[in-house]
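my_file18.tsv, holding TSV, C-alpha atoms:
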chain	number	residue	atom	x	y	z
A	198	MET	CA	0.00	0.00	0.00
A	199	ARG	CA	3.02	2.33	0.19
A	200	ASP	CA	3.29	2.31	-3.61
A	201	LYS	CA	1.39	4.72	-5.78
A	202	TRP	CA	-1.13	3.40	-8.27
A	203	LEU	CA	-1.78	4.73	-11.76
A	204	PHE	CA	-5.32	4.93	-13.18
A	205	ILE	CA	-5.37	5.38	-16.97
A	206	VAL	CA	-8.60	6.60	-18.57
A	207	PRO	CA	-9.57	7.47	-22.17
A	208	GLY	CA	-10.24	11.03	-23.25
A	209	ASP	CA	-12.02	13.48	-20.94
A	210	PRO	CA	-12.38	11.79	-17.53
A	211	GLU	CA	-15.29	14.12	-16.69
A	212	ARG	CA	-17.51	13.16	-19.64
A	213	LEU	CA	-20.88	11.90	-18.49
A	214	THR	CA	-20.83	8.31	-19.66
A	215	GLY	CA	-21.55	5.34	-17.44
A	216	GLY	CA	-17.91	4.25	-17.67
A	217	SER	CA	-16.57	7.68	-16.73
A	218	ILE	CA	-18.94	7.93	-13.78
A	219	TYR	CA	-17.79	4.49	-12.61
A	220	ASN	CA	-14.13	5.49	-12.91
A	221	LEU	CA	-14.62	8.74	-10.99
A	222	ARG	CA	-16.56	7.04	-8.21
A	223	LEU	CA	-13.92	4.32	-7.90
A	224	LEU	CA	-11.16	6.93	-7.82
A	225	ASP	CA	-12.93	8.83	-5.03
A	226	TYR	CA	-13.36	5.59	-3.09
A	227	LEU	CA	-9.69	4.58	-3.40
A	228	ARG	CA	-8.45	8.00	-2.32
A	229	ALA	CA	-10.85	7.96	0.63
A	230	ARG	CA	-9.19	4.68	1.67
A	231	GLY	CA	-5.82	6.41	1.66
A	232	VAL	CA	-4.54	5.03	-1.63
A	233	ARG	CA	-2.27	7.37	-3.58
A	234	VAL	CA	-3.59	7.29	-7.13
A	235	ASP	CA	-2.37	9.29	-10.11
A	236	VAL	CA	-4.82	9.73	-12.99
A	237	LEU	CA	-3.60	9.81	-16.57
A	238	SER	CA	-5.87	10.59	-19.51
A	239	VAL	CA	-4.71	9.22	-22.86
A	240	PRO	CA	-5.99	10.22	-26.31
A	241	ASP	CA	-9.24	8.65	-27.48
A	242	PRO	CA	-9.30	9.14	-31.27
A	243	PRO	CA	-10.97	6.65	-33.65
A	244	TYR	CA	-9.79	3.09	-33.10
A	245	PHE	CA	-7.06	2.69	-35.72
A	246	LEU	CA	-5.70	6.18	-35.16
A	247	ALA	CA	-5.46	5.29	-31.47
A	248	LEU	CA	-3.35	2.23	-32.32
A	249	LEU	CA	-0.95	4.47	-34.25
A	250	ALA	CA	-0.90	7.15	-31.54
A	251	GLY	CA	-0.05	4.48	-28.99
A	252	VAL	CA	3.24	3.70	-30.73
A	253	PHE	CA	4.42	7.26	-30.11
A	254	LEU	CA	2.92	7.36	-26.61
A	255	THR	CA	4.62	4.19	-25.39
A	256	PRO	CA	8.19	5.51	-24.78
A	257	TRP	CA	6.82	8.36	-22.67
A	258	LEU	CA	4.62	5.98	-20.67
A	259	LEU	CA	7.50	3.57	-20.06
A	260	ALA	CA	9.72	6.44	-18.90
A	261	ARG	CA	7.00	7.55	-16.49
A	262	LEU	CA	6.57	4.02	-15.24
A	263	ALA	CA	10.32	3.73	-14.56
A	264	ARG	CA	10.39	7.10	-12.81
A	265	GLU	CA	7.33	6.71	-10.59
A	266	ARG	CA	7.60	2.96	-9.88
A	267	TYR	CA	3.85	2.39	-9.64
A	268	GLY	CA	2.82	-0.69	-7.72
A	269	LEU	CA	-0.34	-1.17	-9.75
A	270	ILE	CA	-1.73	0.11	-13.04
A	271	ILE	CA	-5.50	0.25	-13.48
A	272	GLN	CA	-6.74	0.85	-17.02
A	273	ASP	CA	-10.16	1.57	-18.40
A	274	ASN	CA	-10.13	-1.05	-21.16
A	275	TRP	CA	-11.79	1.40	-23.57
A	276	ALA	CA	-8.32	3.00	-23.84
A	277	HIS	CA	-6.65	-0.24	-24.94
A	278	PRO	CA	-5.89	0.79	-28.57
A	279	SER	CA	-3.91	3.81	-27.33
A	280	LEU	CA	-2.13	1.50	-24.88
A	281	ALA	CA	-1.64	-1.60	-27.04
A	282	ALA	CA	2.12	-1.16	-27.56
A	283	PHE	CA	2.63	-0.08	-23.94
A	284	ASN	CA	0.79	-3.13	-22.63
A	285	LEU	CA	2.84	-5.48	-24.79
A	286	ALA	CA	6.05	-3.93	-23.44
A	287	CYS	CA	4.85	-4.22	-19.84
A	288	ARG	CA	3.79	-7.79	-20.36
A	289	ALA	CA	7.21	-8.68	-21.77
A	290	ALA	CA	9.01	-6.96	-18.89
A	291	ARG	CA	6.67	-8.35	-16.22
A	292	ARG	CA	7.44	-5.34	-14.06
A	293	VAL	CA	4.01	-4.22	-12.89
A	294	ARG	CA	0.63	-5.68	-12.07
A	295	MET	CA	-2.08	-4.68	-14.52
A	296	VAL	CA	-5.82	-4.40	-13.91
A	297	ARG	CA	-8.47	-3.74	-16.57
A	298	ILE	CA	-11.83	-2.15	-15.86
A	299	VAL	CA	-14.17	-3.30	-18.64
A	300	HIS	CA	-17.39	-1.35	-19.13
A	301	GLN	CA	-17.80	-2.24	-22.81
A	302	LEU	CA	-15.97	-4.32	-25.39
A	303	ARG	CA	-14.88	-2.07	-28.23
A	304	TRP	CA	-14.65	-4.72	-30.93
A	305	VAL	CA	-18.42	-5.26	-30.69
A	306	GLU	CA	-19.05	-1.72	-31.93
A	307	ARG	CA	-16.83	-1.91	-35.00
A	308	GLY	CA	-18.72	-1.53	-38.26
A	309	ASN	CA	-17.51	-4.21	-40.68
A	310	ARG	CA	-16.24	-7.77	-40.31
A	311	ILE	CA	-12.57	-7.00	-40.95
A	312	SER	CA	-12.57	-4.08	-38.54
A	313	LYS	CA	-14.26	-6.23	-35.90
A	314	ALA	CA	-11.72	-9.02	-36.37
A	315	VAL	CA	-8.73	-6.69	-36.00
A	316	ALA	CA	-10.19	-4.93	-32.96
A	317	HIS	CA	-11.10	-8.28	-31.40
A	318	ARG	CA	-7.50	-9.43	-31.70
A	319	PHE	CA	-6.06	-6.30	-30.07
A	320	GLU	CA	-8.69	-6.26	-27.34
A	321	ARG	CA	-8.12	-9.93	-26.58
A	322	ALA	CA	-4.37	-9.25	-26.27
A	323	SER	CA	-5.08	-6.38	-23.89
A	324	LEU	CA	-7.30	-8.50	-21.67
A	325	ASN	CA	-4.82	-11.37	-21.64
A	326	SER	CA	-2.03	-9.05	-20.50
A	327	SER	CA	-4.04	-8.37	-17.33
A	328	HIS	CA	-3.51	-9.89	-13.92
A	329	LEU	CA	-7.12	-9.00	-13.05
A	330	VAL	CA	-10.18	-7.95	-15.05
A	331	VAL	CA	-12.99	-6.11	-13.28
A	332	THR	CA	-16.26	-5.84	-15.15
A	333	VAL	CA	-19.75	-4.57	-14.47
A	334	SER	CA	-22.18	-7.45	-15.08
A	335	ASP	CA	-22.44	-11.20	-15.44
A	336	PHE	CA	-23.34	-10.59	-19.08
A	337	MET	CA	-19.99	-8.87	-19.59
A	338	ARG	CA	-18.16	-11.58	-17.64
A	339	GLY	CA	-19.46	-14.14	-20.12
A	340	ARG	CA	-18.28	-12.08	-23.09
A	341	ILE	CA	-14.83	-11.61	-21.54
A	342	GLU	CA	-14.44	-15.28	-20.57
A	343	SER	CA	-14.71	-16.20	-24.24
A	344	MET	CA	-11.69	-13.97	-24.98
A	345	VAL	CA	-9.21	-14.70	-22.18
A	346	LYS	CA	-7.09	-17.60	-21.09
A	347	GLY	CA	-8.15	-19.61	-18.09
A	348	GLY	CA	-5.60	-18.06	-15.73
A	349	THR	CA	-6.99	-14.53	-16.04
A	350	LYS	CA	-9.01	-13.55	-12.99
A	351	ILE	CA	-12.37	-11.88	-13.68
A	352	ARG	CA	-14.37	-10.13	-10.99
A	353	VAL	CA	-17.83	-8.59	-11.33
A	354	ALA	CA	-18.45	-5.30	-9.51
A	355	PRO	CA	-21.71	-3.75	-10.77
A	356	PRO	CA	-21.92	0.03	-10.68
A	357	GLY	CA	-23.76	1.78	-7.88
A	358	CYS	CA	-27.24	3.03	-8.61
A	359	ASP	CA	-27.48	5.78	-6.00
A	360	ARG	CA	-25.77	8.63	-7.87
A	361	GLN	CA	-28.94	10.70	-7.68
A	362	GLY	CA	-29.01	10.41	-3.89
A	363	GLU	CA	-32.52	10.15	-2.50
A	364	ALA	CA	-34.62	8.86	-5.33
A	365	PRO	CA	-37.08	11.37	-6.79
A	366	SER	CA	-40.71	10.43	-7.11
A	367	GLY	CA	-41.30	9.82	-10.80
A	368	GLY	CA	-44.04	8.18	-12.79
A	369	VAL	CA	-46.78	10.54	-11.58
A	370	ARG	CA	-48.82	12.12	-14.34
A	371	GLN	CA	-48.17	15.86	-14.30
A	372	GLY	CA	-50.74	17.08	-16.83
A	373	GLY	CA	-54.42	16.50	-17.47
A	374	PRO	CA	-56.00	13.46	-19.13
A	375	ASP	CA	-55.32	14.88	-22.60
A	376	SER	CA	-51.63	15.64	-22.02
A	377	PRO	CA	-49.05	13.34	-23.65
A	378	VAL	CA	-47.46	10.49	-21.72
A	379	ARG	CA	-43.90	11.58	-20.98
A	380	LEU	CA	-41.14	9.23	-22.10
A	381	LEU	CA	-37.51	9.61	-21.01
A	382	PHE	CA	-34.24	8.47	-22.56
A	383	VAL	CA	-30.94	9.17	-20.77
A	384	GLY	CA	-27.63	8.50	-22.49
A	385	SER	CA	-25.20	9.76	-25.10
A	386	CYS	CA	-26.51	10.04	-28.65
A	387	THR	CA	-24.64	7.11	-30.18
A	388	ARG	CA	-25.92	4.45	-32.57
A	389	ARG	CA	-25.46	1.73	-29.96
A	390	LYS	CA	-28.13	3.38	-27.81
A	391	GLY	CA	-30.81	2.74	-30.43
A	392	LEU	CA	-32.34	6.20	-30.58
A	393	HIS	CA	-32.98	5.86	-34.32
A	394	ASN	CA	-35.18	2.83	-33.59
A	395	LEU	CA	-36.97	4.73	-30.85
A	396	ILE	CA	-37.74	7.57	-33.25
A	397	ASP	CA	-39.01	5.05	-35.82
A	398	ALA	CA	-41.21	3.53	-33.10
A	399	LEU	CA	-42.68	6.91	-32.17
A	400	ALA	CA	-43.59	7.52	-35.80
A	401	GLU	CA	-45.84	4.43	-35.62
A	402	LEU	CA	-47.74	5.65	-32.54
A	403	THR	CA	-50.35	7.65	-34.40
A	404	ASP	CA	-53.06	6.54	-31.94
A	405	VAL	CA	-51.22	7.50	-28.71
A	406	ARG	CA	-50.07	10.90	-27.49
A	407	VAL	CA	-46.52	10.75	-26.15
A	408	ALA	CA	-43.60	13.16	-25.69
A	409	LEU	CA	-39.97	12.02	-25.54
A	410	ASP	CA	-37.21	13.85	-23.63
A	411	VAL	CA	-33.71	12.86	-24.77
A	412	VAL	CA	-31.15	13.75	-22.10
A	413	GLY	CA	-27.46	13.19	-22.80
A	414	ASP	CA	-24.44	14.30	-24.77
A	415	CYS	CA	-25.51	15.22	-28.31
A	416	ALA	CA	-21.91	15.95	-29.37
A	417	PHE	CA	-20.57	12.46	-28.73
A	418	ASP	CA	-21.25	11.39	-32.33
A	419	PRO	CA	-22.13	14.54	-34.33
A	420	ALA	CA	-22.95	12.69	-37.56
A	421	TYR	CA	-25.37	10.38	-35.76
A	422	TYR	CA	-26.99	13.30	-33.95
A	423	ARG	CA	-27.56	15.05	-37.29
A	424	LEU	CA	-29.16	11.86	-38.60
A	425	LEU	CA	-31.49	11.80	-35.59
A	426	ARG	CA	-32.53	15.42	-36.04
A	427	ARG	CA	-33.18	14.84	-39.72
A	428	SER	CA	-35.26	11.75	-38.93
A	429	VAL	CA	-37.34	13.69	-36.38
A	430	SER	CA	-38.01	16.37	-38.97
A	431	GLU	CA	-38.84	13.96	-41.80
A	432	LYS	CA	-41.27	11.99	-39.62
A	433	GLY	CA	-43.04	15.12	-38.34
A	434	LEU	CA	-42.00	14.54	-34.73
A	435	GLU	CA	-40.64	18.02	-33.92
A	436	GLY	CA	-43.32	18.54	-31.28
A	437	VAL	CA	-42.84	15.05	-29.87
A	438	VAL	CA	-39.06	14.64	-29.45
A	439	SER	CA	-36.95	17.15	-27.48
A	440	PHE	CA	-33.14	16.96	-27.28
A	441	HIS	CA	-31.81	18.54	-24.08
A	442	GLY	CA	-28.09	17.66	-24.25
A	443	ARG	CA	-26.03	17.26	-21.09
A	444	VAL	CA	-27.75	18.53	-17.95
A	445	SER	CA	-26.84	19.01	-14.30
A	446	ASP	CA	-27.59	16.31	-11.76
A	447	ASP	CA	-30.34	18.48	-10.27
A	448	LEU	CA	-32.03	18.87	-13.65
A	449	LEU	CA	-31.62	15.16	-14.37
A	450	LYS	CA	-33.50	14.44	-11.15
A	451	ARG	CA	-36.27	16.66	-12.44
A	452	PHE	CA	-36.49	14.73	-15.70
A	453	TYR	CA	-36.73	11.44	-13.80
A	454	CYS	CA	-39.43	12.96	-11.61
A	455	ASP	CA	-41.50	14.26	-14.55
A	456	ALA	CA	-41.23	11.09	-16.66
A	457	GLU	CA	-43.84	8.33	-16.79
A	458	ILE	CA	-41.94	5.69	-18.79
A	459	PHE	CA	-38.18	5.18	-19.10
A	460	ILE	CA	-36.77	3.75	-22.35
A	461	LEU	CA	-33.27	2.47	-23.13
A	462	PRO	CA	-33.48	0.58	-26.47
A	463	SER	CA	-29.73	-0.11	-26.79
A	464	SER	CA	-28.40	-2.80	-29.06
A	465	TYR	CA	-25.68	-3.41	-26.48
A	466	GLU	CA	-24.91	-2.29	-22.91
A	467	GLY	CA	-22.30	-3.32	-20.39
A	468	PHE	CA	-24.69	-2.63	-17.50
A	469	GLY	CA	-27.14	0.27	-17.91
A	470	ILE	CA	-26.87	2.52	-14.85
A	471	VAL	CA	-29.69	4.73	-16.07
A	472	CYS	CA	-32.16	1.83	-15.99
A	473	ALA	CA	-31.33	1.35	-12.32
A	474	GLU	CA	-31.68	5.09	-11.64
A	475	ALA	CA	-35.06	5.05	-13.36
A	476	MET	CA	-36.14	2.20	-11.10
A	477	ARG	CA	-35.17	4.23	-8.03
A	478	ALA	CA	-37.43	6.95	-9.41
A	479	GLY	CA	-40.32	4.49	-9.57
A	480	LEU	CA	-40.54	4.33	-13.35
A	481	PRO	CA	-41.62	1.46	-15.56
A	482	VAL	CA	-38.78	0.52	-17.89
A	483	ILE	CA	-38.55	-0.52	-21.52
A	484	ALA	CA	-35.13	-1.97	-22.36
A	485	SER	CA	-33.47	-4.40	-24.76
A	486	THR	CA	-33.33	-8.18	-24.62
A	487	ASN	CA	-29.69	-8.02	-25.74
A	488	GLY	CA	-27.45	-7.33	-22.76
A	489	PRO	CA	-27.61	-7.38	-18.99
A	490	ALA	CA	-31.06	-5.79	-18.55
A	491	ARG	CA	-32.40	-8.92	-16.86
A	492	GLU	CA	-29.74	-8.50	-14.15
A	493	ILE	CA	-31.39	-5.17	-13.27
A	494	VAL	CA	-35.08	-5.32	-14.16
A	495	ARG	CA	-37.72	-8.06	-13.95
A	496	GLU	CA	-39.51	-8.66	-17.22
A	497	ASN	CA	-43.30	-8.25	-16.98
A	498	GLU	CA	-42.96	-7.11	-13.36
A	499	ASN	CA	-41.43	-3.66	-13.77
A	500	ALA	CA	-40.17	-3.78	-17.34
A	501	LEU	CA	-40.86	-4.79	-20.91
A	502	LEU	CA	-37.94	-5.99	-23.04
A	503	ALA	CA	-37.85	-5.44	-26.79
A	504	PRO	CA	-35.56	-7.14	-29.30
A	505	PRO	CA	-32.86	-4.72	-30.46
A	506	ASP	CA	-33.45	-2.97	-33.78
A	507	ASP	CA	-37.16	-3.89	-33.76
A	508	ALA	CA	-39.01	-0.57	-33.95
A	509	ARG	CA	-42.41	-2.23	-34.32
A	510	ALA	CA	-42.01	-4.29	-31.14
A	511	LEU	CA	-40.75	-1.20	-29.33
A	512	ALA	CA	-43.78	0.79	-30.50
A	513	GLY	CA	-46.10	-1.93	-29.22
A	514	MET	CA	-44.53	-1.87	-25.78
A	515	ILE	CA	-44.68	1.91	-25.55
A	516	ARG	CA	-48.37	1.75	-26.56
A	517	GLU	CA	-49.08	-0.97	-23.97
A	518	LEU	CA	-47.76	1.16	-21.12
A	519	ALA	CA	-48.95	4.51	-22.45
A	520	ILE	CA	-52.62	3.53	-22.70
A	521	ASP	CA	-52.75	1.78	-19.30
A	522	PRO	CA	-52.04	4.04	-16.31
A	523	ARG	CA	-52.74	1.17	-13.89
A	524	LEU	CA	-50.07	-0.97	-15.52
A	525	ARG	CA	-47.61	1.95	-15.36
A	526	ALA	CA	-48.40	2.43	-11.67
A	527	ARG	CA	-47.96	-1.29	-10.91
A	528	PHE	CA	-44.67	-1.45	-12.79
A	529	GLY	CA	-43.51	1.76	-11.08
A	530	ARG	CA	-44.21	0.40	-7.60
A	531	ARG	CA	-42.34	-2.78	-8.45
A	532	SER	CA	-39.40	-0.74	-9.73
A	533	ARG	CA	-39.17	1.00	-6.36
A	534	GLU	CA	-39.23	-2.33	-4.54
A	535	LEU	CA	-36.59	-3.93	-6.75
A	536	SER	CA	-34.32	-0.88	-6.62
A	537	LYS	CA	-33.71	-1.48	-2.92
A	538	ARG	CA	-31.69	-4.57	-3.86
A	539	LEU	CA	-29.44	-2.78	-6.35
A	540	PRO	CA	-25.79	-2.04	-5.48
A	541	THR	CA	-24.60	1.27	-4.07
A	542	TRP	CA	-21.36	3.00	-5.00
A	543	GLN	CA	-20.05	2.04	-1.56
A	544	SER	CA	-20.60	-1.66	-2.28
A	545	THR	CA	-19.02	-1.23	-5.73
A	546	GLY	CA	-15.92	0.36	-4.21
A	547	ASP	CA	-15.71	-2.33	-1.54
A	548	ALA	CA	-15.84	-5.12	-4.14
A	549	VAL	CA	-13.16	-3.61	-6.38
A	550	TYR	CA	-10.91	-2.68	-3.45
A	551	ARG	CA	-11.02	-6.21	-2.02
A	552	SER	CA	-10.07	-7.63	-5.41
A	553	LEU	CA	-7.17	-5.21	-5.78
A	554	LEU	CA	-5.85	-5.98	-2.31
A	555	ALA	CA	-6.06	-9.72	-2.98
A	556	LEU	CA	-4.03	-9.24	-6.14
A	557	LEU	CA	-1.36	-7.23	-4.33
A	558	GLU	CA	-1.12	-9.70	-1.47
A	559	LYS	CA	-0.15	-12.41	-3.93
A	560	GLY	CA	3.05	-10.46	-4.58
Render the structure in this file as structure tokens.
Amino acid sequence: MRDKWLFIVPGDPERLTGGSIYNLRLLDYLRARGVRVDVLSVPDPPYFLALLAGVFLTPWLLARLARERYGLIIQDNWAHPSLAAFNLACRAARRVRMVRIVHQLRWVERGNRISKAVAHRFERASLNSSHLVVTVSDFMRGRIESMVKGGTKIRVAPPGCDRQGEAPSGGVRQGGPDSPVRLLFVGSCTRRKGLHNLIDALAELTDVRVALDVVGDCAFDPAYYRLLRRSVSEKGLEGVVSFHGRVSDDLLKRFYCDAEIFILPSSYEGFGIVCAEAMRAGLPVIASTNGPAREIVRENENALLAPPDDARALAGMIRELAIDPRLRARFGRRSRELSKRLPTWQSTGDAVYRSLLALLEKG
């Protein structure tokens, strides 16, 4: 414990993604336990540019490693292309213990087969250079186990779901009987989040009055955001869909409070913190069958699960909840009950810290 640790993160460590929030909470926890942790942000350009940038970054990182003599290096695995050459050098030298925090697997999001295959190979090498892999769900553990050798330790430490503090009271209809049912999406505007399918689903709901609030970073993927705005315009949904961008925690609480249905139609998630936050707010949830949603919600108790990329099924589930206030209320109450069993950030920190100590004690 006398040694300093290094925590390497991709891009802006303050960006409001689930992975960044996890990293910041873990960092706060470790420092509160008296651990000396340096944070290093490495470039996060497109994947293959990151691989090239990593070649030039590696000598500087190795010099820093020799100078500071870190006892442990924790890496957000999203940064692995920028660190590929560095990790290979460290693995060859066997000089430092390496831990990966895996929120997502990057190869899954690559566009074509060749790109996926190359990214899969580099990401597999990164994971196999680790002494310990910490991930956020059993779903992710299964994906990682298929990529690593048997000797690699994998620990699951789900993210805490109490970032909003005392849960607001959501799911209560704010307007009159003729006002639209308020839908809420929280997350960055990226293709993986499935917002294009949600917009397609809303275009089919000609018999139901709804209004969708999209809360999250609109600048994360500018081209995709432009596509979304164009789709909203072409489908005549300007008065239905509102993009609010990044908001403060206080305003996010307000959105949870004012919403009646929470929707996260992602094609792929590592965990889905916002689903858990919506449950704490007492909201019925619509999520995807692909991913770890079933580790958080209970299908047909507080949530409906739609196949990814199926706008028609998504529209049917929105309609089912929107036209039935009693069903929304029952699902909302169940969400509140189930949210009491979800992890807190304290329990997340405890789980990761115990795993790190166990690794260090092995010498």
**Prompt:** Between A:His441, A:Arg516, A:Arg294, A:Arg389, which one has atoms that come closest to Gly413 (chain A), using all atoms listed in the file?
**Reply:**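 Of all the options, A:His441 lies closest to Gly413 (chain A).
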**Message:** Neighbouring residues of Val315 (chain A) were defined as those with any atom within 12 Å, considering all atoms listed in the file; residues of the same chain fewer than 5 positions away were excluded. Please report them as a PyMOL selection string.
**Reply:** chain A and resi 244-245+248+278+303-305+307-310+320-322
**Asked** Contacts of Arg531 (chain A) at 7 Å or less, counting only C-alpha atoms, minus same-chain residues fewer than 3 places along, as number ranges by chain?
**Response** A: 498-499, 527-528, 534-535
**Request:** Dig up all the protein and nucleic acid residues within 6 Å of (-44.1, 0.8, -22.8) in the file frame, using only C-alpha atoms, and format them as number ranges by chain.
**Result:** A: 483, 514-518
Hey, which bits of region 451-519 of chain A sit within 7 Å of region 347-360 of chain A, and for each residue what's the closest pair of atoms and how far apart in Å (one decimal), counting only C-alpha atoms, rows by chain and increasing number, as CSV?
residue,atom,partner,partner_atom,distance
A:Ile470,CA,A:Cys358,CA,6.3
A:Ala473,CA,A:Cys358,CA,5.8
A:Glu474,CA,A:Cys358,CA,5.8
Residues proximal to (-29.4, 16.2, -15.7) were defined as those with any atom within 12 Å of that point in the file's coordinates, counting all atoms listed in the file. Which are they, as a compact mmCIF listing (two decimals) with C-alpha atoms, in the coordinates of the input?
# COMPACT_ATOMS: atom_id res chain seq x y z
CA LEU A 213 -20.88 11.90 -18.49
CA ARG A 360 -25.77 8.63 -7.87
CA GLN A 361 -28.94 10.70 -7.68
CA LEU A 381 -37.51 9.61 -21.01
CA PHE A 382 -34.24 8.47 -22.56
CA VAL A 383 -30.94 9.17 -20.77
CA GLY A 384 -27.63 8.50 -22.49
CA ASP A 410 -37.21 13.85 -23.63
CA VAL A 411 -33.71 12.86 -24.77
CA VAL A 412 -31.15 13.75 -22.10
CA GLY A 413 -27.46 13.19 -22.80
CA ASP A 414 -24.44 14.30 -24.77
CA HIS A 441 -31.81 18.54 -24.08
CA GLY A 442 -28.09 17.66 -24.25
CA ARG A 443 -26.03 17.26 -21.09
CA VAL A 444 -27.75 18.53 -17.95
CA SER A 445 -26.84 19.01 -14.30
CA ASP A 446 -27.59 16.31 -11.76
CA ASP A 447 -30.34 18.48 -10.27
CA LEU A 448 -32.03 18.87 -13.65
CA LEU A 449 -31.62 15.16 -14.37
CA LYS A 450 -33.50 14.44 -11.15
CA ARG A 451 -36.27 16.66 -12.44
CA PHE A 452 -36.49 14.73 -15.70
CA TYR A 453 -36.73 11.44 -13.80
CA CYS A 454 -39.43 12.96 -11.61
CA VAL A 471 -29.69 4.73 -16.07
**Complete:** Among A:Ala508, A:Leu203, A:Ala519, A:Ala286, Glu401 (chain A) is approached most closely, using all atoms listed in the file, by A:Ala508
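Proximity ranking of A:Thr541, A:Tyr421, A:Leu254, A:Asp455 relative to Val378 (chain A) places A:Asp455 first, based on only C-alpha atoms.
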**Message:** Report, in Å with one decimal, the straight-line distance from CA of Leu511 (chain A) to CA of Pro462 (chain A).
**Reply:** 8.0 Å
**Item:** Computed interatomic separation between CA of Tyr219 (chain A) and CA of Asn394 (chain A) (Å)
**Value:** 27.3 Å
**Prompt:** From the set A:Leu221, A:Leu502, A:Val549, A:Val239, which residue has the shortest atom-to-atom contact distance to Leu258 (chain A), counting all atoms listed in the file?
**Reply:**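 The answer is A:Val239, which sits nearest to Leu258 (chain A).
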**Asked** Excluding same-chain residues fewer than 2 positions from Arg266 (chain A), what lies within 8 Å of it counting all atoms listed in the file, as a ChimeraX atom specification?
**Response** /A:200-201,262-264,268
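CA of Thr255 (chain A) lies 12.2 Å from CA of Pro240 (chain A).
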**Prompt:** Which one is closest to Arg388 (chain A): A:Phe336, A:Tyr465, A:Phe459, A:Tyr267? Count only C-alpha atoms.
**Reply:** A:Tyr465
**Message:** Quick one: residues within 12 Å of Leu285 (chain A), all atoms listed in the file, excluding same-chain residues fewer than 4 positions away - as a list of chain:residue names?
**Reply:**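 Result of the neighbour search: A:Gly251, A:Val252, A:Thr255, A:Leu259, A:His277, A:Pro278, A:Ser279, A:Leu280, A:Ala281, A:Ala289, A:Ala290, A:Arg291, A:Arg292, A:Met295, A:Phe319, A:Glu320, A:Arg321, A:Ala322, A:Ser323, A:Leu324, A:Asn325, A:Ser326, A:Ser327.
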**Request:** Counting only C-alpha atoms, figure out which residue out of A:Asp521, A:Glu265, A:Asp418, A:Glu211 gets nearest to Arg233 (chain A).
**Result:** A:Glu265
Edge lengths and centre in Å to one decimal, as lines of an AutoDock Vina configuration file, of the axis-aligned box that encloses all listed atoms of region 429-447 of chain A with 8 Å added on every side?
center_x = -34.7
center_y = 15.5
center_z = -26.0
size_x = 33.3
size_y = 23.0
size_z = 47.5
